[in-house]
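Data file: my_file29.csv. Format and content: CSV, C-alpha atoms and all ligand atoms.
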chain,number,residue,atom,x,y,z
O,1,MET,CA,85.8,148.5,179.3
O,2,THR,CA,86.8,146.3,176.5
O,3,SER,CA,84.4,143.4,177.2
O,4,PRO,CA,81.4,142.9,174.9
O,5,LEU,CA,78.3,144.9,175.7
O,6,VAL,CA,76.5,143.1,178.5
O,7,PRO,CA,73.4,143.9,180.5
O,8,SER,CA,74.0,145.3,183.9
O,9,ARG,CA,74.4,142.9,186.8
O,10,ALA,CA,72.9,145.4,189.2
O,11,PRO,CA,69.9,144.1,191.2
O,12,ASP,CA,66.5,145.3,190.2
O,13,LEU,CA,65.9,147.8,193.0
O,14,ALA,CA,62.2,148.5,192.1
O,15,ALA,CA,61.5,144.8,192.6
O,16,ARG,CA,63.1,145.1,196.1
O,17,ASP,CA,61.7,148.5,197.4
O,18,GLY,CA,58.7,149.2,195.1
O,19,LEU,CA,59.9,152.8,194.6
O,20,SER,CA,60.0,154.6,191.3
O,21,ALA,CA,63.5,155.5,190.1
O,22,LEU,CA,62.8,159.2,190.8
O,23,GLU,CA,61.5,158.5,194.3
O,24,ARG,CA,64.6,156.4,195.1
O,25,THR,CA,66.9,159.0,193.7
O,26,LYS,CA,65.3,161.7,195.7
O,27,ARG,CA,66.0,159.8,198.9
O,28,GLN,CA,69.7,160.0,198.3
O,29,PRO,CA,71.3,162.8,200.3
O,30,LEU,CA,73.2,163.8,197.1
O,31,MET,CA,72.0,162.6,193.7
O,32,LEU,CA,74.7,161.3,191.5
O,33,GLY,CA,74.7,161.3,187.7
O,34,LEU,CA,77.1,160.9,184.8
O,35,PHE,CA,77.2,163.4,181.9
O,36,LEU,CA,77.8,161.1,179.0
O,37,PRO,CA,80.4,162.0,176.4
O,38,ILE,CA,78.2,161.2,173.3
O,39,GLN,CA,80.0,164.0,171.4
O,40,ASN,CA,83.7,163.6,170.5
O,41,GLY,CA,85.8,165.5,173.0
O,42,GLY,CA,83.0,165.4,175.7
O,43,TRP,CA,83.3,168.7,177.6
O,44,THR,CA,87.0,169.1,177.0
O,45,PRO,CA,88.4,170.7,173.8
O,46,SER,CA,91.9,169.4,174.4
O,47,LYS,CA,94.2,167.2,172.4
O,48,ALA,CA,95.6,165.5,175.5
O,49,SER,CA,95.5,161.8,175.1
O,50,ARG,CA,92.5,159.8,176.5
O,51,GLY,CA,90.2,157.0,175.7
O,52,THR,CA,86.9,158.9,175.9
O,53,ASP,CA,84.8,158.1,172.8
O,54,TRP,CA,81.5,159.3,171.5
O,55,THR,CA,80.3,156.0,170.2
O,56,PHE,CA,77.3,154.0,171.3
O,57,ASP,CA,79.3,151.1,172.6
O,58,TYR,CA,81.6,153.2,174.7
O,59,ASN,CA,78.7,155.2,176.2
O,60,ALA,CA,76.6,152.1,176.7
O,61,ARG,CA,79.4,150.5,178.8
O,62,LEU,CA,79.6,153.7,180.8
O,63,VAL,CA,75.9,153.6,181.5
O,64,VAL,CA,76.0,149.9,182.6
O,65,ARG,CA,79.0,150.5,184.8
O,66,ALA,CA,77.5,153.7,186.3
O,67,GLU,CA,74.4,151.7,187.3
O,68,GLU,CA,76.5,148.9,188.8
O,69,ILE,CA,78.4,151.3,191.0
O,70,GLY,CA,75.1,152.9,192.1
O,71,PHE,CA,74.8,156.1,190.1
O,72,ASP,CA,71.2,157.5,190.0
O,73,LEU,CA,71.2,158.9,186.5
O,74,VAL,CA,72.9,159.5,183.2
O,75,PHE,CA,72.3,162.3,180.8
O,76,GLY,CA,73.1,163.1,177.1
O,77,LEU,CA,73.2,166.5,175.6
O,78,ALA,CA,71.9,167.3,172.2
O,79,GLN,CA,73.3,169.8,169.7
O,80,TRP,CA,73.3,170.4,166.0
O,81,LEU,CA,76.7,171.4,164.5
O,82,GLY,CA,78.1,171.8,161.0
O,83,ALA,CA,80.7,169.7,159.3
O,84,ASP,CA,83.6,170.9,161.5
O,85,GLY,CA,81.7,170.7,164.8
O,86,HIS,CA,83.1,173.5,167.0
O,87,GLY,CA,86.2,173.4,164.9
O,88,GLY,CA,89.9,173.1,165.8
O,89,GLU,CA,92.2,170.2,165.0
O,90,ILE,CA,89.9,167.8,166.8
O,91,LYS,CA,86.8,169.1,165.0
O,92,TYR,CA,85.3,169.2,168.5
O,93,ARG,CA,81.9,167.5,168.8
O,94,LYS,CA,81.7,167.0,165.0
O,95,ASN,CA,80.7,163.4,165.8
O,96,SER,CA,77.8,162.8,168.1
O,97,ILE,CA,75.0,160.3,168.6
O,98,ASP,CA,71.5,161.4,169.4
O,99,PRO,CA,70.6,161.2,173.1
O,100,LEU,CA,67.0,160.1,172.6
O,101,LEU,CA,68.0,157.1,170.5
O,102,MET,CA,71.1,156.4,172.6
O,103,THR,CA,68.8,156.2,175.7
O,104,SER,CA,66.5,153.9,173.9
O,105,GLY,CA,69.5,151.6,173.1
O,106,VAL,CA,70.6,151.3,176.8
O,107,ALA,CA,67.1,150.9,178.2
O,108,ALA,CA,67.2,147.1,178.0
O,109,LEU,CA,70.7,146.9,179.3
O,110,THR,CA,69.8,148.5,182.7
O,111,HIS,CA,67.4,148.1,185.6
O,112,ASN,CA,67.6,151.1,187.9
O,113,ILE,CA,69.4,154.1,186.5
O,114,ILE,CA,67.5,157.1,185.2
O,115,LEU,CA,68.1,157.7,181.5
O,116,ILE,CA,67.7,161.4,180.5
O,117,SER,CA,67.6,162.4,176.9
O,118,THR,CA,67.7,166.0,175.6
O,119,VAL,CA,65.2,167.0,173.0
O,120,HIS,CA,65.0,170.3,171.2
O,121,VAL,CA,61.2,170.4,171.3
O,122,LEU,CA,61.0,173.5,169.0
O,123,TYR,CA,62.9,171.9,166.1
O,124,GLY,CA,60.0,170.5,164.2
O,125,TRP,CA,58.5,168.1,166.8
O,126,HIS,CA,54.8,167.7,167.4
O,127,PRO,CA,53.8,167.0,171.1
O,128,LEU,CA,52.0,163.9,169.9
O,129,HIS,CA,55.2,162.4,168.5
O,130,LEU,CA,57.2,163.0,171.7
O,131,ALA,CA,54.3,161.9,174.0
O,132,LYS,CA,54.2,158.6,172.1
O,133,PHE,CA,57.9,158.1,171.9
O,134,GLY,CA,58.4,159.2,175.5
O,135,ALA,CA,55.6,156.9,176.8
O,136,THR,CA,57.2,154.0,174.9
O,137,LEU,CA,60.6,154.7,176.5
O,138,ASP,CA,59.0,155.1,179.9
O,139,HIS,CA,57.6,151.6,179.4
O,140,MET,CA,60.8,150.1,178.1
O,141,THR,CA,62.6,151.5,181.2
O,142,GLY,CA,59.9,150.8,183.8
O,143,GLY,CA,59.5,154.6,184.5
O,144,ARG,CA,63.2,155.5,184.3
O,145,TRP,CA,63.1,157.7,181.3
O,146,GLY,CA,63.7,161.5,181.7
O,147,LEU,CA,63.2,164.2,179.1
O,148,ASN,CA,65.4,167.2,179.2
O,149,VAL,CA,63.3,169.8,177.4
O,150,VAL,CA,65.5,172.4,175.7
O,151,THR,CA,64.3,175.2,173.5
O,152,GLY,CA,67.6,175.7,171.7
O,153,PHE,CA,69.5,179.0,171.7
O,154,ARG,CA,72.0,178.7,169.0
O,155,PRO,CA,71.0,180.8,165.9
O,156,ASN,CA,72.8,178.3,163.5
O,157,GLU,CA,70.7,175.4,164.8
O,158,ILE,CA,67.4,177.0,164.1
O,159,ASP,CA,68.7,177.9,160.6
O,160,MET,CA,69.6,174.3,160.0
O,161,PHE,CA,66.0,173.4,160.4
O,162,GLY,CA,65.0,176.1,158.0
O,163,LEU,CA,63.0,177.9,160.8
O,164,ASP,CA,62.9,181.5,161.8
O,165,ALA,CA,64.4,182.7,165.1
O,166,ILE,CA,62.0,182.7,168.0
O,167,PRO,CA,62.4,185.3,170.8
O,168,HIS,CA,63.5,184.0,174.1
O,169,GLY,CA,60.2,184.5,176.0
O,170,ALA,CA,58.2,183.0,173.2
O,171,ARG,CA,60.4,179.9,173.2
O,172,TYR,CA,59.6,179.2,176.8
O,173,ARG,CA,55.8,179.8,176.2
O,174,MET,CA,56.0,177.3,173.3
O,175,ALA,CA,57.9,174.8,175.5
O,176,ALA,CA,55.2,175.2,178.2
O,177,GLU,CA,52.4,174.5,175.7
O,178,PHE,CA,54.3,171.6,174.2
O,179,THR,CA,54.8,170.1,177.7
O,180,GLU,CA,51.2,170.6,178.7
O,181,MET,CA,50.0,168.9,175.6
O,182,MET,CA,52.3,165.9,176.2
O,183,ASP,CA,51.0,165.8,179.8
O,184,ARG,CA,47.4,165.7,178.7
O,185,LEU,CA,48.2,162.9,176.2
O,186,TRP,CA,50.1,161.0,178.9
O,187,ARG,CA,47.2,161.3,181.4
O,188,ASP,CA,43.9,161.4,179.5
O,189,ASP,CA,42.4,158.1,178.7
O,190,ALA,CA,40.2,159.7,176.0
O,191,ASN,CA,40.9,161.4,172.7
O,192,VAL,CA,42.2,164.9,173.2
O,193,THR,CA,41.2,167.9,171.2
O,194,TRP,CA,43.1,171.1,171.9
O,195,GLU,CA,43.6,174.1,169.7
O,196,GLY,CA,46.7,175.7,171.2
O,197,GLU,CA,48.5,178.8,170.3
O,198,TYR,CA,51.4,176.9,168.6
O,199,TRP,CA,50.1,173.3,168.2
O,200,SER,CA,46.8,171.5,167.8
O,201,LEU,CA,45.5,168.1,168.8
O,202,ARG,CA,42.3,166.8,167.2
O,203,GLY,CA,41.0,163.6,168.6
O,204,ALA,CA,44.6,162.7,169.5
O,205,TYR,CA,45.4,159.7,171.8
O,206,ALA,CA,48.8,158.5,173.1
O,207,SER,CA,49.4,155.0,174.3
O,208,PRO,CA,50.9,153.4,176.4
O,209,LYS,CA,50.3,155.5,179.4
O,210,PRO,CA,53.4,156.2,181.4
O,211,VAL,CA,54.1,154.0,184.4
O,212,HIS,CA,54.0,156.8,187.0
O,213,GLY,CA,51.7,159.3,185.4
O,214,ARG,CA,54.3,160.9,183.3
O,215,PRO,CA,58.0,160.5,182.5
O,216,ILE,CA,60.6,162.4,184.5
O,217,LEU,CA,60.8,166.0,183.3
O,218,VAL,CA,64.0,168.0,183.3
O,219,ASN,CA,65.2,171.4,182.0
O,220,ALA,CA,68.4,173.3,182.1
O,221,GLY,CA,67.4,177.0,182.0
O,222,SER,CA,69.0,179.9,183.9
O,223,SER,CA,66.9,182.9,182.9
O,224,ARG,CA,63.8,183.8,184.8
O,225,ALA,CA,61.7,182.3,182.1
O,226,GLY,CA,63.7,179.1,182.2
O,227,LEU,CA,63.5,178.9,186.0
O,228,GLU,CA,59.7,179.6,185.9
O,229,TYR,CA,59.3,176.8,183.4
O,230,ALA,CA,61.3,174.4,185.7
O,231,ALA,CA,59.2,175.5,188.7
O,232,LYS,CA,56.0,174.6,186.8
O,233,TYR,CA,56.9,171.4,185.0
O,234,SER,CA,60.3,169.9,185.9
O,235,ASP,CA,61.3,167.3,188.4
O,236,LEU,CA,65.0,168.1,188.1
O,237,ILE,CA,66.7,171.3,186.8
O,238,PHE,CA,70.3,171.2,185.6
O,239,ILE,CA,71.7,174.4,187.0
O,240,THR,CA,74.7,176.4,186.0
O,241,SER,CA,77.0,178.2,188.5
O,242,PRO,CA,76.3,181.9,188.0
O,243,GLY,CA,79.7,182.7,189.3
O,244,GLY,CA,81.7,180.7,186.8
O,245,ALA,CA,83.4,177.3,187.1
O,246,GLU,CA,86.0,178.1,189.8
O,247,ILE,CA,84.8,176.3,192.9
O,248,ASN,CA,85.0,179.3,195.3
O,249,THR,CA,83.2,181.8,193.1
O,250,ALA,CA,80.7,179.1,192.3
O,251,LEU,CA,80.0,178.4,196.0
O,252,GLU,CA,79.5,182.1,196.6
O,253,SER,CA,77.0,182.5,193.7
O,254,LEU,CA,75.0,179.2,194.1
O,255,PRO,CA,73.0,179.7,197.3
O,256,ALA,CA,71.0,182.6,195.9
O,257,HIS,CA,70.5,180.8,192.6
O,258,THR,CA,69.3,177.5,194.2
O,259,LYS,CA,67.1,179.4,196.6
O,260,GLN,CA,65.4,181.1,193.7
O,261,VAL,CA,64.7,177.7,192.1
O,262,ARG,CA,63.3,176.4,195.4
O,263,ASP,CA,61.2,179.6,196.0
O,264,LEU,CA,59.7,179.5,192.5
O,265,ALA,CA,58.9,175.8,192.8
O,266,ALA,CA,57.4,176.3,196.3
O,267,ALA,CA,55.2,179.0,194.9
O,268,GLU,CA,53.9,176.4,192.5
O,269,GLY,CA,53.5,173.9,195.3
O,270,ARG,CA,56.2,171.7,193.7
O,271,ASP,CA,59.5,170.1,194.6
O,272,VAL,CA,62.2,170.7,192.0
O,273,ARG,CA,65.6,169.2,192.6
O,274,THR,CA,68.8,171.1,191.4
O,275,VAL,CA,71.6,169.2,189.8
O,276,ILE,CA,74.9,170.8,188.9
O,277,ASN,CA,77.5,169.6,186.5
O,278,PRO,CA,81.0,169.4,188.0
O,279,HIS,CA,84.1,168.4,186.0
O,280,VAL,CA,85.9,166.1,188.4
O,281,ILE,CA,89.7,165.5,188.3
O,282,CYS,CA,90.6,163.3,191.2
O,283,ARG,CA,93.9,161.6,192.0
O,284,ASP,CA,95.7,160.3,195.0
O,285,THR,CA,97.8,163.5,195.4
O,286,GLU,CA,97.5,167.2,194.6
O,287,ARG,CA,100.6,166.9,192.5
O,288,GLU,CA,99.0,164.3,190.3
O,289,VAL,CA,95.9,166.4,190.0
O,290,LYS,CA,98.0,169.4,188.9
O,291,GLN,CA,99.8,167.2,186.3
O,292,VAL,CA,96.5,166.1,184.8
O,293,CYS,CA,95.2,169.6,184.6
O,294,LYS,CA,98.4,170.8,183.1
O,295,SER,CA,98.4,168.1,180.4
O,296,ILE,CA,94.8,169.0,179.5
O,297,LEU,CA,95.6,172.7,179.4
O,298,ASP,CA,98.8,172.2,177.4
O,299,GLY,CA,96.8,170.2,174.9
O,300,GLU,CA,94.3,173.0,174.4
O,301,ASP,CA,92.9,173.1,170.9
O,302,PRO,CA,92.4,176.9,170.7
O,303,LEU,CA,90.1,177.0,167.7
O,304,ALA,CA,87.9,174.4,169.2
O,305,VAL,CA,87.7,176.3,172.5
O,306,ASP,CA,86.9,179.5,170.6
O,307,GLY,CA,84.2,177.7,168.7
O,308,LEU,CA,82.6,176.3,171.9
O,309,VAL,CA,82.8,179.7,173.7
O,310,GLY,CA,81.4,181.5,170.6
O,311,THR,CA,78.2,179.4,170.7
O,312,MET,CA,77.9,179.7,174.5
O,313,ARG,CA,78.2,183.5,174.3
O,314,GLY,CA,76.2,183.7,171.1
O,315,GLY,CA,72.4,183.7,171.1
O,316,ASP,CA,70.3,185.0,174.0
O,317,GLN,CA,70.9,182.3,176.6
O,318,THR,CA,72.1,183.4,180.1
O,319,SER,CA,73.6,180.2,181.5
O,320,TRP,CA,77.3,180.7,180.8
O,321,TRP,CA,77.7,184.5,181.3
O,322,GLY,CA,79.9,184.2,184.4
O,323,HIS,CA,82.2,181.6,182.8
O,324,GLU,CA,85.7,182.4,181.4
O,325,ARG,CA,87.2,181.1,178.2
O,326,GLN,CA,90.1,179.5,180.1
O,327,GLN,CA,87.6,177.4,182.2
O,328,ARG,CA,86.1,175.9,179.0
O,329,ILE,CA,89.4,174.0,178.2
O,330,ILE,CA,88.8,171.5,181.0
O,331,GLY,CA,85.1,172.1,181.1
O,332,GLY,CA,82.3,171.6,183.6
O,333,ASN,CA,80.0,174.3,185.0
O,334,VAL,CA,81.9,173.9,188.2
O,335,GLN,CA,85.4,172.4,188.6
O,336,VAL,CA,86.0,170.0,191.4
O,337,PHE,CA,89.7,169.1,191.4
O,338,GLY,CA,91.6,167.3,194.2
O,339,THR,CA,92.3,164.2,196.2
O,340,PRO,CA,89.4,161.9,197.0
O,341,GLU,CA,89.0,163.7,200.4
O,342,GLN,CA,89.1,167.1,198.8
O,343,VAL,CA,86.5,166.1,196.1
O,344,VAL,CA,84.1,164.9,198.8
O,345,ASP,CA,84.7,168.1,200.8
O,346,GLN,CA,83.8,170.2,197.7
O,347,PHE,CA,80.7,168.0,197.2
O,348,ILE,CA,79.7,168.7,200.8
O,349,LYS,CA,80.1,172.5,200.2
O,350,LEU,CA,78.1,172.3,196.9
O,351,LYS,CA,75.3,170.5,198.8
O,352,ALA,CA,75.4,173.2,201.5
O,353,ALA,CA,75.1,175.8,198.7
O,354,GLY,CA,71.8,174.2,197.7
O,355,CYS,CA,72.8,171.6,195.0
O,356,ASP,CA,70.7,168.4,195.4
O,357,GLY,CA,72.8,166.5,192.9
O,358,MET,CA,76.1,166.2,191.0
O,359,GLN,CA,76.2,165.2,187.4
O,360,ILE,CA,79.8,164.5,186.6
O,361,ASN,CA,82.0,165.0,183.6
O,362,PHE,CA,85.4,163.3,183.5
O,363,PHE,CA,88.3,163.7,181.1
O,364,ASP,CA,89.0,160.1,180.5
O,365,PHE,CA,85.6,158.7,181.4
O,366,ALA,CA,86.1,154.9,181.7
O,367,PRO,CA,89.2,154.9,184.0
O,368,ASP,CA,88.2,158.1,185.8
O,369,LEU,CA,84.8,156.5,186.6
O,370,GLU,CA,86.5,153.4,188.0
O,371,TYR,CA,88.8,155.5,190.1
O,372,PHE,CA,85.7,157.4,191.4
O,373,ALA,CA,84.0,154.2,192.3
O,374,ASP,CA,87.1,152.9,194.2
O,375,ARG,CA,88.2,156.0,195.9
O,376,VAL,CA,85.5,158.6,196.1
O,377,LEU,CA,82.2,156.7,196.5
O,378,PRO,CA,83.2,155.0,199.7
O,379,LEU,CA,84.2,158.4,201.2
O,380,MET,CA,80.8,159.9,200.0
O,381,LYS,CA,79.1,157.1,201.9
O,382,GLN,CA,81.2,157.7,205.0
O,383,ALA,CA,80.3,161.4,204.7
O,384,GLY,CA,76.6,160.6,204.6
O,385,LEU,CA,76.3,161.9,201.0
O,386,ARG,CA,75.2,158.5,199.7
O,387,THR,CA,73.3,155.6,201.1
O,388,ASP,CA,73.5,152.0,199.7
O,401,LIG,C1,73.8,170.9,182.3
O,401,LIG,C2,73.2,171.6,181.1
O,401,LIG,C3,72.9,170.8,180.0
O,401,LIG,C4,72.4,171.4,178.9
O,401,LIG,N1,72.1,170.7,177.8
O,401,LIG,C5,71.7,171.3,176.6
O,401,LIG,C6,71.5,170.5,175.5
O,401,LIG,O1,71.7,169.3,175.5
O,401,LIG,N2,71.2,171.2,174.3
O,401,LIG,C7,70.9,172.5,174.3
O,401,LIG,O2,70.6,173.1,173.3
O,401,LIG,N3,71.1,173.3,175.4
O,401,LIG,C8,71.4,172.7,176.6
O,401,LIG,N4,71.6,173.4,177.7
O,401,LIG,C9,71.3,174.8,177.6
O,401,LIG,C10,69.9,175.1,178.3
O,401,LIG,O3,68.9,174.3,177.7
O,401,LIG,C11,69.5,176.5,178.1
O,401,LIG,O4,69.2,176.8,176.8
O,401,LIG,C12,70.6,177.4,178.5
O,401,LIG,O5,71.1,177.0,179.7
O,401,LIG,C13,70.0,178.9,178.5
O,401,LIG,O6,69.1,179.0,179.5
O,401,LIG,P1,68.1,180.2,179.4
O,401,LIG,O7,67.3,180.1,178.1
O,401,LIG,O8,67.2,180.1,180.6
O,401,LIG,O9,68.9,181.5,179.4
O,401,LIG,C14,72.2,172.8,178.8
O,401,LIG,C15,72.5,173.6,180.0
O,401,LIG,C16,73.0,173.0,181.1
O,401,LIG,C17,73.4,173.8,182.2
How would this structure read if it were set down as structure tokens?
Ligand SMILES: Cc1cc2nc3c(=O)[nH]c(=O)nc-3n(C[C@H](O)[C@H](O)[C@H](O)COP(=O)(O)O)c2cc1C
Amino acid sequence: MTSPLVPSRAPDLAARDGLSALERTKRQPLMLGLFLPIQNGGWTPSKASRGTDWTFDYNARLVVRAEEIGFDLVFGLAQWLGADGHGGEIKYRKNSIDPLLMTSGVAALTHNIILISTVHVLYGWHPLHLAKFGATLDHMTGGRWGLNVVTGFRPNEIDMFGLDAIPHGARYRMAAEFTEMMDRLWRDDANVTWEGEYWSLRGAYASPKPVHGRPILVNAGSSRAGLEYAAKYSDLIFITSPGGAEINTALESLPAHTKQVRDLAAAEGRDVRTVINPHVICRDTEREVKQVCKSILDGEDPLAVDGLVGTMRGGDQTSWWGHERQQRIIGGNVQVFGTPEQVVDQFIKLKAAGCDGMQINFFDFAPDLEYFADRVLPLMKQAGLRTD
């Protein structure tokens, strides 16, 4: 990962099969994504040594490499933190690049991989802005751009924008109107006039029109309102294990949760795919896995962990309620640790629990991604979880 930034050498699959990136991804028995570490510390508030880096170059190389080894998607989270980030010695997540702009930067370096950016649509955006920017990104990527619509739940964030707090239900009603306005702008080939409850369009027009009707839409809610939003508008939903990050409790709680998503989507006549976010620690032996976990836990940066947990438990979001503080040191909304065989076995169980995709965090992203490519991907193919 020290070579100059180069475009991916992956073949252009759309030229070969004529499918959209989303259609191709949905054909995989288990979708595979990478959760990009565009914030310092990624998902792991530990001082243990690693090369993971929040910079554009590091993340762009990860994206290019993820595409080369056949991953379906990459994703960047968005957050707004103060001068110390989440705090601690590492000033966890103080440094971060914006996922929308990061995605735009890697668009021309890649051919096939879906690039998902998070945008807090209620922090001062107008639907016309994001319809235009999104359609542009959709064109730049040949229909590979995805928008993770988040409403924001951290009180300090809304304060940063000088806005007043918005109740939970109203946030999702606003997100729905925002999404419907973008959708009209993406689809209508005439000027749009629409006096909404929260935004207005007067003779508005967005060009270019997206390649496949509209960009890929994603959200990451857990509440009833969040799931209903997903059922109506999203192609993918990033789900959280209601039973916490430990694999067995996660596996117990996920079937009911994934069924709820499927049922709500079916009631809307839609197909919404569920993607969970495992933190993968994989080595040749269990002993090595335990050593890696121990070194991360020994390196805990307690104030950074407290800062992260404080924001997860603060506000009125419901995603992380079943998760323990201790699980946040390594991270992930489910923890998949073990040898390559054990990791694949846990993926099979997560699929059986209704997860359509894995979007993976690593501790030391670049070498861990290489190890995953060498040792885990072939076993996933053997197990029928991935096709070429
Ligand atoms: C995988 C994943 C990624 C998320 N990414 C972001 C993000 O980038 N920014 C953000 O503010 N919230 C993010 N969230 C939080 C959700 O958008 C949502 O606010 C939260 O899960 C609460 O859902 P609820 O409003 O339905 O209770 C993410 C959640 C998950 C599970």
Problem set entry | Closest of O:Glu177, O:Asp316, O:Asp235, O:Asp356 to ligand LIG 401 (chain O) - atom-to-atom distances counting only C-alpha atoms and all ligand atoms | O:Asp316
Problem set entry | Distance query Gly105 in chain O at most 8 Å, all atoms listed in the file, self and fewer than 4 positions along chain excluded, as a ChimeraX atom specification | /O:60,101,109
Print the selection's residues with C-alpha atoms to a file, as a PDB file, in the coordinates of the input.
ATOM      1  CA  ALA O  60      76.600 152.100 176.700  1.00  0.00           C
ATOM      2  CA  LEU O 101      68.000 157.100 170.500  1.00  0.00           C
ATOM      3  CA  LEU O 109      70.700 146.900 179.300  1.00  0.00           C
TER       4      LEU O 109
END
Exercise. Counting all atoms listed in the file, what residues are within 6 Å of ligand LIG 401 (chain O), given as a ChimeraX atom specification?
Worked result: /O:77-79,118,150,152-153,220-223,226,238-240,277,317-319
Requested write-out: C-alpha atoms of the selected residues, as a PDB file, in the frame of the given file:
ATOM      1  CA  LEU O  77      73.200 166.500 175.600  1.00  0.00           C
ATOM      2  CA  ALA O  78      71.900 167.300 172.200  1.00  0.00           C
ATOM      3  CA  GLN O  79      73.300 169.800 169.700  1.00  0.00           C
ATOM      4  CA  THR O 118      67.700 166.000 175.600  1.00  0.00           C
ATOM      5  CA  VAL O 150      65.500 172.400 175.700  1.00  0.00           C
ATOM      6  CA  GLY O 152      67.600 175.700 171.700  1.00  0.00           C
ATOM      7  CA  PHE O 153      69.500 179.000 171.700  1.00  0.00           C
ATOM      8  CA  ALA O 220      68.400 173.300 182.100  1.00  0.00           C
ATOM      9  CA  GLY O 221      67.400 177.000 182.000  1.00  0.00           C
ATOM     10  CA  SER O 222      69.000 179.900 183.900  1.00  0.00           C
ATOM     11  CA  SER O 223      66.900 182.900 182.900  1.00  0.00           C
ATOM     12  CA  GLY O 226      63.700 179.100 182.200  1.00  0.00           C
ATOM     13  CA  PHE O 238      70.300 171.200 185.600  1.00  0.00           C
ATOM     14  CA  ILE O 239      71.700 174.400 187.000  1.00  0.00           C
ATOM     15  CA  THR O 240      74.700 176.400 186.000  1.00  0.00           C
ATOM     16  CA  ASN O 277      77.500 169.600 186.500  1.00  0.00           C
ATOM     17  CA  GLN O 317      70.900 182.300 176.600  1.00  0.00           C
ATOM     18  CA  THR O 318      72.100 183.400 180.100  1.00  0.00           C
ATOM     19  CA  SER O 319      73.600 180.200 181.500  1.00  0.00           C
TER      20      SER O 319
END
For this session: Mind checking which residues fall within 8 Å of range 375-387 of chain O, counting all atoms listed in the file, ignoring those fewer than 6 positions away in the same chain, and posting them as a list in words?
Result: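 Answer for this query is Gln28, Pro29, Leu30, Met31, Pro340, Glu341, Val343, Val344 and Ile348 of chain O.
Shown here are all protein and nucleic acid residues lying within 12 Å of (53.8, 182.1, 177.5), with all atoms listed in the file considered: Pro167, His168, Gly169, Ala170, Arg171, Tyr172, Arg173, Met174, Ala175, Ala176, Glu177, Phe178, Glu180, Gly196, Glu197, Tyr198, Ala225, Gly226, Glu228 and Tyr229 of chain O.
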Expected file contents, prior selection, C-alpha atoms, as an mmCIF file, in the frame of the given file:
data_model
loop_
_atom_site.group_PDB
_atom_site.id
_atom_site.type_symbol
_atom_site.label_atom_id
_atom_site.label_comp_id
_atom_site.auth_asym_id
_atom_site.auth_seq_id
_atom_site.Cartn_x
_atom_site.Cartn_y
_atom_site.Cartn_z
ATOM 1 C CA PRO O 167 62.400 185.300 170.800
ATOM 2 C CA HIS O 168 63.500 184.000 174.100
ATOM 3 C CA GLY O 169 60.200 184.500 176.000
ATOM 4 C CA ALA O 170 58.200 183.000 173.200
ATOM 5 C CA ARG O 171 60.400 179.900 173.200
ATOM 6 C CA TYR O 172 59.600 179.200 176.800
ATOM 7 C CA ARG O 173 55.800 179.800 176.200
ATOM 8 C CA MET O 174 56.000 177.300 173.300
ATOM 9 C CA ALA O 175 57.900 174.800 175.500
ATOM 10 C CA ALA O 176 55.200 175.200 178.200
ATOM 11 C CA GLU O 177 52.400 174.500 175.700
ATOM 12 C CA PHE O 178 54.300 171.600 174.200
ATOM 13 C CA GLU O 180 51.200 170.600 178.700
ATOM 14 C CA GLY O 196 46.700 175.700 171.200
ATOM 15 C CA GLU O 197 48.500 178.800 170.300
ATOM 16 C CA TYR O 198 51.400 176.900 168.600
ATOM 17 C CA ALA O 225 61.700 182.300 182.100
ATOM 18 C CA GLY O 226 63.700 179.100 182.200
ATOM 19 C CA GLU O 228 59.700 179.600 185.900
ATOM 20 C CA TYR O 229 59.300 176.800 183.400
#
For this session: Compile the contact shell of Glu195 in chain O as a ChimeraX atom specification: residues with an atom at most 12 Å away, counting all atoms listed in the file, same-chain residues fewer than 6 positions apart removed.
Result: /O:177-178,181,201-204
Problem set entry | Residue nearest Glu370 in chain O - candidates O:Ile329, O:Leu62, O:Leu36, O:Leu5, atoms counted: only C-alpha atoms |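 Among the listed residues, the smallest separation from Glu370 in chain O belongs to O:Leu62.
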For this session: Give me, please, the distance in Å between CA of Leu22 in chain O and CA of Ile116 in chain O, quoted to one decimal.
Result: 11.6 Å
Exercise. What lies within 7 Å of range 205-214 of chain O using all atoms listed in the file, ignoring chain neighbours under 3 positions off, as a ChimeraX atom specification?
Worked result: /O:131-132,135-136,138-139,142-143,183,185-187,190-192
For this session: Can you work out which one of O:Arg184, O:His257, O:Arg224, O:His323 has the shortest atom-to-atom distance to Ala245 in chain O, counting only C-alpha atoms?
Result: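 Selected residue with least distance to Ala245 in chain O: O:His323.
The shortest atom-to-atom distance to Phe337 in chain O, with all atoms listed in the file taken into account, belongs to O:Asn248 out of O:Thr52, O:Thr311, O:Thr151, O:Asn248.
Interatomic distance, CA of Asp53 in chain O to CA of Ser241 in chain O: 26.7 Å.
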Exercise. Which residue, O:Arg328, O:Lys94, O:His86, O:Arg16, has the smallest gap to Trp54 in chain O when you use only C-alpha atoms?
Worked result: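 The shortest atom-to-atom distance to Trp54 in chain O comes from O:Lys94.
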Exercise. At what distance in Å, to one decimal, does CA of Val280 in chain O lie from CA of Cys355 in chain O?
Worked result: 15.7 Å
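You can rank O:Leu254, O:Cys282, O:Leu81, O:Leu73 by their closest distance to Asp364 in chain O using all atoms listed in the file, and at the top of that list sits O:Cys282.
Close contacts of Ser200 in chain O, defined as residues with an atom at most 9 Å away when counting only C-alpha atoms, with chain neighbours fewer than 6 positions off set aside, comprise His126, Pro127, Met181, Thr193 and Trp194 of chain O.
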Restrict the selected residues to C-alpha atoms and save them as a short mmCIF file (atom, residue, chain, number, x, y, z; two decimals), keeping the file's coordinate frame.
data_model
loop_
_atom_site.label_atom_id
_atom_site.label_comp_id
_atom_site.auth_asym_id
_atom_site.auth_seq_id
_atom_site.Cartn_x
_atom_site.Cartn_y
_atom_site.Cartn_z
CA HIS O 126 54.80 167.70 167.40
CA PRO O 127 53.80 167.00 171.10
CA MET O 181 50.00 168.90 175.60
CA THR O 193 41.20 167.90 171.20
CA TRP O 194 43.10 171.10 171.90
#
